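Everything on this sheet refers to the single structure shown next.
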Protein chains: 2
Amino acid sequence: MSLNLFLIFLLASAAAAATGVIFRPGPWYAALKKPGFTPPNWAFPVAWSVIYLLSAFAAARIAVLPGAGLALALWSAQIALNTLWTPVFFGAHRIALGMAIIGALLVTVAGMTLAFWALDWRSGLLLLPYLVWLGIAAGLNWRIWRDNPGAGAAPR
Amino acid sequence: MSLNLFLIFLLASAAAAATGVIFRPGPWYAALKKPGFTPPNWAFPVAWSVIYLLSAFAAARIAVLPGAGLALALWSAQIALNTLWTPVFFGAHRIALGMAIIGALLVTVAGMTLAFWALDWRSGLLLLPYLVWLGIAAGLNWRIWRDNPGAGAAPR
């Protein structure tokens with residue numbers, strides 16, 4: 001583990017986290033029909049803060065190991081997809097496109113967890129909260145898509 | 001170089017590229033006062049396509065080398081910051097915040113180019129178009145900020 005590496009992965013995570021501050025749920029999200037398992041609003045920043053810290057820490061552990069190329073490539077892909085989802089969903093109100101992105105993100109994070117686990121099982125373990133939370137978020141995006149026809153913005 | 005690695009870095013780049021399709025410049029950008037060195041609109045997708053391909057290819061070359069942790073951490077940070085900039089600037093019309101993000105991105109890409117160069121100078125060379133184009137984009141963001149007081153959205 002190197003502190004410099006941890007701080008760089010944290011910078012990447014900060015870019016993803018910033019989307020949650022810049023593109024707020026607001027009245028549009030509040031008015032959507034949401035399923036019973038929808039977490040309360042306060043849970044989102046708490047969960048994401050924990051997830052970003054754990055995944056940056058796991059990446060910093062992995063990055064010093066030989067053969068970490070695949071695991072770090074998957075880490076790059078998840079942080080870019082993660083940064084993309086919030087402005088698409090909360091900024092552009094593109095619910096169906098958000099579903100496609102969060103689906104790709106879920107597959108990427110599942111692959112990343114396996115790649116981390118194979119190199120160092122403790123680092124893989126640190127990614128499990130991400131996988132669980134993303135499962136909930138993807139289910140939420142799915143139900144919002146299904147239960148709110150016409151609530152999203154039309155493709156431009 | 002591994003094809004799988006290239007495709008994963010390309011997936012990350014596709015997430016960043018998607019922001020340019022989803023958050024279009026539109027009439028807001030057209031109406032801004034812009035400096036004489038502003039590239040024509042068609043140049044942006046062309047330049048970014050070349051840059052994303054070259055930087056994904058460079059990352060795939062680097063990812064198989066020993067000691068690539070720092071270079072790949074910087075690659076992660078640049079793709080997240082890159083994905084963040086477009087929705088902030090073209091989606092939320094936050095010109096000053098865009099300037100802060102593109103400044104951080106420029107520093108990150110400069111550091112990444114050095115880190116790539118140190119491992120494999122050919123891969124470092126592949127990143128030079130990115131650095132040059134980013135210099136132009138940052139200069140453009142700066143001049144738009146300076147020359148269009150009141151054109152951006154207020155912080156929410």
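Each chain of the structure tokens is named A, B, ... in the order shown, its residues numbered from 1; ligands are numbered from 1 in display order.
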Output the contact residues of chain A with respect to chain B at a cut-off of 8 Å, based on only C-alpha atoms, as an mmCIF file with N, CA and C atoms, in the first residue's frame.
```cif
data_model
loop_
_atom_site.group_PDB
_atom_site.id
_atom_site.type_symbol
_atom_site.label_atom_id
_atom_site.label_comp_id
_atom_site.auth_asym_id
_atom_site.auth_seq_id
_atom_site.Cartn_x
_atom_site.Cartn_y
_atom_site.Cartn_z
ATOM 1 N N LEU A 5 -0.584 6.372 -4.023
ATOM 2 C CA LEU A 5 -1.551 5.637 -4.842
ATOM 3 C C LEU A 5 -2.956 5.797 -4.271
ATOM 4 N N ILE A 8 -4.370 9.150 -5.188
ATOM 5 C CA ILE A 8 -4.758 9.279 -6.602
ATOM 6 C C ILE A 8 -6.077 8.538 -6.865
ATOM 7 N N PHE A 9 -6.218 7.345 -6.300
ATOM 8 C CA PHE A 9 -7.498 6.630 -6.466
ATOM 9 C C PHE A 9 -8.633 7.391 -5.765
ATOM 10 N N LEU A 11 -8.710 10.685 -5.575
ATOM 11 C CA LEU A 11 -9.019 11.791 -6.490
ATOM 12 C C LEU A 11 -10.012 11.328 -7.561
ATOM 13 N N ALA A 12 -9.767 10.141 -8.119
ATOM 14 C CA ALA A 12 -10.707 9.583 -9.111
ATOM 15 C C ALA A 12 -12.086 9.407 -8.482
ATOM 16 N N SER A 13 -12.113 8.891 -7.244
ATOM 17 C CA SER A 13 -13.389 8.682 -6.559
ATOM 18 C C SER A 13 -14.070 10.010 -6.257
ATOM 19 N N ALA A 15 -14.004 12.642 -8.097
ATOM 20 C CA ALA A 15 -14.673 13.081 -9.328
ATOM 21 C C ALA A 15 -16.037 12.401 -9.444
ATOM 22 N N ALA A 16 -16.077 11.104 -9.125
ATOM 23 C CA ALA A 16 -17.354 10.383 -9.161
ATOM 24 C C ALA A 16 -18.303 10.917 -8.087
ATOM 25 N N THR A 19 -20.333 14.202 -8.661
ATOM 26 C CA THR A 19 -21.577 14.178 -9.442
ATOM 27 C C THR A 19 -22.802 14.171 -8.526
ATOM 28 N N ILE A 22 -23.310 17.794 -7.457
ATOM 29 C CA ILE A 22 -23.657 18.730 -8.532
ATOM 30 C C ILE A 22 -25.030 18.393 -9.125
ATOM 31 N N ALA A 63 -2.508 -2.180 -6.488
ATOM 32 C CA ALA A 63 -1.654 -1.535 -7.500
ATOM 33 C C ALA A 63 -0.169 -1.841 -7.317
ATOM 34 N N VAL A 64 0.239 -2.260 -6.128
ATOM 35 C CA VAL A 64 1.654 -2.576 -5.903
ATOM 36 C C VAL A 64 1.966 -4.049 -6.163
ATOM 37 N N PRO A 66 2.304 -7.535 -8.435
ATOM 38 C CA PRO A 66 2.548 -7.891 -9.844
ATOM 39 C C PRO A 66 1.293 -8.486 -10.470
ATOM 40 N N GLY A 67 1.099 -8.208 -11.745
ATOM 41 C CA GLY A 67 -0.045 -8.777 -12.464
ATOM 42 C C GLY A 67 -1.364 -8.091 -12.168
ATOM 43 N N ALA A 68 -1.301 -6.816 -11.730
ATOM 44 C CA ALA A 68 -2.528 -6.109 -11.349
ATOM 45 C C ALA A 68 -3.186 -5.380 -12.518
ATOM 46 N N GLY A 69 -2.639 -5.521 -13.736
ATOM 47 C CA GLY A 69 -3.143 -4.763 -14.892
ATOM 48 C C GLY A 69 -4.644 -4.915 -15.126
ATOM 49 N N LEU A 70 -5.126 -6.160 -15.158
ATOM 50 C CA LEU A 70 -6.545 -6.403 -15.425
ATOM 51 C C LEU A 70 -7.419 -5.794 -14.314
ATOM 52 N N LEU A 72 -6.781 -3.320 -12.342
ATOM 53 C CA LEU A 72 -6.761 -1.852 -12.384
ATOM 54 C C LEU A 72 -7.487 -1.315 -13.614
ATOM 55 N N ALA A 73 -7.454 -2.067 -14.713
ATOM 56 C CA ALA A 73 -8.231 -1.669 -15.891
ATOM 57 C C ALA A 73 -9.722 -1.685 -15.541
ATOM 58 N N LEU A 74 -10.155 -2.732 -14.829
ATOM 59 C CA LEU A 74 -11.562 -2.810 -14.421
ATOM 60 C C LEU A 74 -11.895 -1.704 -13.425
ATOM 61 N N TRP A 75 -10.962 -1.352 -12.558
ATOM 62 C CA TRP A 75 -11.188 -0.236 -11.623
ATOM 63 C C TRP A 75 -11.414 1.059 -12.414
ATOM 64 N N SER A 76 -10.607 1.283 -13.457
ATOM 65 C CA SER A 76 -10.787 2.465 -14.316
ATOM 66 C C SER A 76 -12.167 2.489 -14.949
ATOM 67 N N ALA A 77 -12.582 1.337 -15.472
ATOM 68 C CA ALA A 77 -13.874 1.276 -16.163
ATOM 69 C C ALA A 77 -15.014 1.559 -15.189
ATOM 70 N N GLN A 78 -14.934 0.998 -13.959
ATOM 71 C CA GLN A 78 -16.037 1.235 -13.007
ATOM 72 C C GLN A 78 -16.098 2.693 -12.575
ATOM 73 N N ILE A 79 -14.955 3.356 -12.410
ATOM 74 C CA ILE A 79 -15.028 4.740 -11.915
ATOM 75 C C ILE A 79 -15.560 5.668 -13.014
ATOM 76 N N ALA A 80 -15.264 5.348 -14.283
ATOM 77 C CA ALA A 80 -15.808 6.159 -15.378
ATOM 78 C C ALA A 80 -17.320 5.935 -15.513
ATOM 79 N N LEU A 81 -17.759 4.674 -15.471
ATOM 80 C CA LEU A 81 -19.203 4.380 -15.563
ATOM 81 C C LEU A 81 -19.951 4.968 -14.361
ATOM 82 N N THR A 83 -19.076 7.635 -12.644
ATOM 83 C CA THR A 83 -19.131 9.097 -12.824
ATOM 84 C C THR A 83 -20.188 9.475 -13.860
ATOM 85 N N LEU A 84 -20.417 8.591 -14.818
ATOM 86 C CA LEU A 84 -21.388 8.855 -15.882
ATOM 87 C C LEU A 84 -22.834 8.727 -15.402
ATOM 88 N N PRO A 87 -25.008 12.098 -13.598
ATOM 89 C CA PRO A 87 -25.506 13.157 -14.484
ATOM 90 C C PRO A 87 -26.536 12.657 -15.493
ATOM 91 N N VAL A 88 -26.413 11.403 -15.951
ATOM 92 C CA VAL A 88 -27.387 10.867 -16.904
ATOM 93 C C VAL A 88 -28.752 10.698 -16.225
ATOM 94 N N GLY A 91 -29.224 14.333 -13.767
ATOM 95 C CA GLY A 91 -29.066 15.560 -14.539
ATOM 96 C C GLY A 91 -29.967 15.573 -15.763
ATOM 97 N N ALA A 92 -29.847 14.534 -16.605
ATOM 98 C CA ALA A 92 -30.588 14.504 -17.871
ATOM 99 C C ALA A 92 -31.923 13.778 -17.744
ATOM 100 N N ARG A 156 -32.526 12.958 -26.833
ATOM 101 C CA ARG A 156 -32.434 14.163 -27.668
ATOM 102 C C ARG A 156 -31.704 13.871 -28.952
#
```
Original post:
Any idea what's packed within 12 Å of B:Trp117, counting only C-alpha atoms, ignoring anything in its chain fewer than 3 positions away? Could you give it as a ChimeraX atom specification?
Top reply: /B:58-59,61-62,68,71,109-114,120-128
Those same residues - C-alpha atoms - I'd like them written as a PDB file, in the first residue's frame.
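Writing done, so here's out23.pdb:
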```pdb
ATOM      1  CA  ALA B  58      -1.179   3.281 -24.299  1.00  0.00           C
ATOM      2  CA  ALA B  59      -2.804   2.050 -21.055  1.00  0.00           C
ATOM      3  CA  ARG B  61       0.627  -1.412 -23.302  1.00  0.00           C
ATOM      4  CA  ILE B  62       1.538  -0.117 -19.850  1.00  0.00           C
ATOM      5  CA  ALA B  68       2.639   0.218 -13.649  1.00  0.00           C
ATOM      6  CA  ALA B  71       0.649   5.148 -14.171  1.00  0.00           C
ATOM      7  CA  VAL B 109      -2.730  14.062 -17.584  1.00  0.00           C
ATOM      8  CA  ALA B 110       0.674  15.793 -17.374  1.00  0.00           C
ATOM      9  CA  GLY B 111       1.615  13.516 -14.464  1.00  0.00           C
ATOM     10  CA  MET B 112       0.239  10.490 -16.309  1.00  0.00           C
ATOM     11  CA  THR B 113       2.283  11.319 -19.427  1.00  0.00           C
ATOM     12  CA  LEU B 114       5.462  11.474 -17.330  1.00  0.00           C
ATOM     13  CA  ASP B 120       7.830   3.087 -21.955  1.00  0.00           C
ATOM     14  CA  TRP B 121       8.557   6.244 -23.933  1.00  0.00           C
ATOM     15  CA  ARG B 122       6.423   5.147 -26.898  1.00  0.00           C
ATOM     16  CA  SER B 123       3.375   4.955 -24.640  1.00  0.00           C
ATOM     17  CA  GLY B 124       4.204   8.391 -23.250  1.00  0.00           C
ATOM     18  CA  LEU B 125       4.381   9.731 -26.802  1.00  0.00           C
ATOM     19  CA  LEU B 126       0.871   8.389 -27.494  1.00  0.00           C
ATOM     20  CA  LEU B 127      -0.453  10.695 -24.763  1.00  0.00           C
ATOM     21  CA  LEU B 128       0.962  13.926 -26.211  1.00  0.00           C
TER      22      LEU B 128
END
```
**OP:** Report as JSON, numbers by chain: the residues of chain B with a DSSP assignment of alpha helix (DSSP H), based on the backbone of this structure.
**Re:** {"B": [3, 4, 5, 6, 7, 8, 9, 10, 11, 12, 13, 14, 15, 16, 17, 18, 19, 20, 21, 22, 26, 27, 28, 29, 30, 43, 44, 45, 46, 47, 48, 49, 50, 51, 52, 53, 54, 55, 56, 57, 58, 59, 60, 61, 62, 69, 70, 71, 72, 73, 74, 75, 76, 77, 78, 79, 80, 81, 82, 83, 84, 85, 86, 95, 96, 97, 98, 99, 100, 101, 102, 103, 104, 105, 106, 107, 108, 109, 110, 111, 112, 113, 114, 115, 116, 117, 118, 119, 121, 122, 123, 124, 125, 126, 128, 129, 130, 131, 132, 133, 134, 135, 136, 137, 138, 139, 140, 141, 142, 143, 144, 145, 146, 147]}
**OP:** Rounded to one decimal place, report the atom CA of A:Ala118-atom CA of A:Val132 distance in Å.
**Re:**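 Separating atom CA of A:Ala118 from atom CA of A:Val132 is a distance of 19.1 Å.
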Original post:
Which distance in Å separates atom CA of B:Ala115 and atom CA of B:Gly135, to one decimal?
Top reply: 18.6 Å
Original post:
Do you have the atom CA of A:Pro25-atom CA of B:Ile95 distance handy?
Top reply: 21.2 Å
**OP:** Using only C-alpha atoms, pick whichever of A:Trp133, A:Phe116, A:Trp145, A:Phe90 has the shortest atom-to-atom distance to A:Trp48.
**Re:**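 With only C-alpha atoms as the atom set, the closest residue is A:Trp133.
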**OP:** Please provide as a list of chain:residue names all residues within 12 Å of B:Gly36, with the sequence filter that same-chain residues fewer than 2 positions apart are discarded (counting only C-alpha atoms).
**Re:** B:Lys33, B:Lys34, B:Thr38, B:Pro39, B:Pro40, B:Ile136, B:Gly139, B:Leu140, B:Arg143, B:Ile144
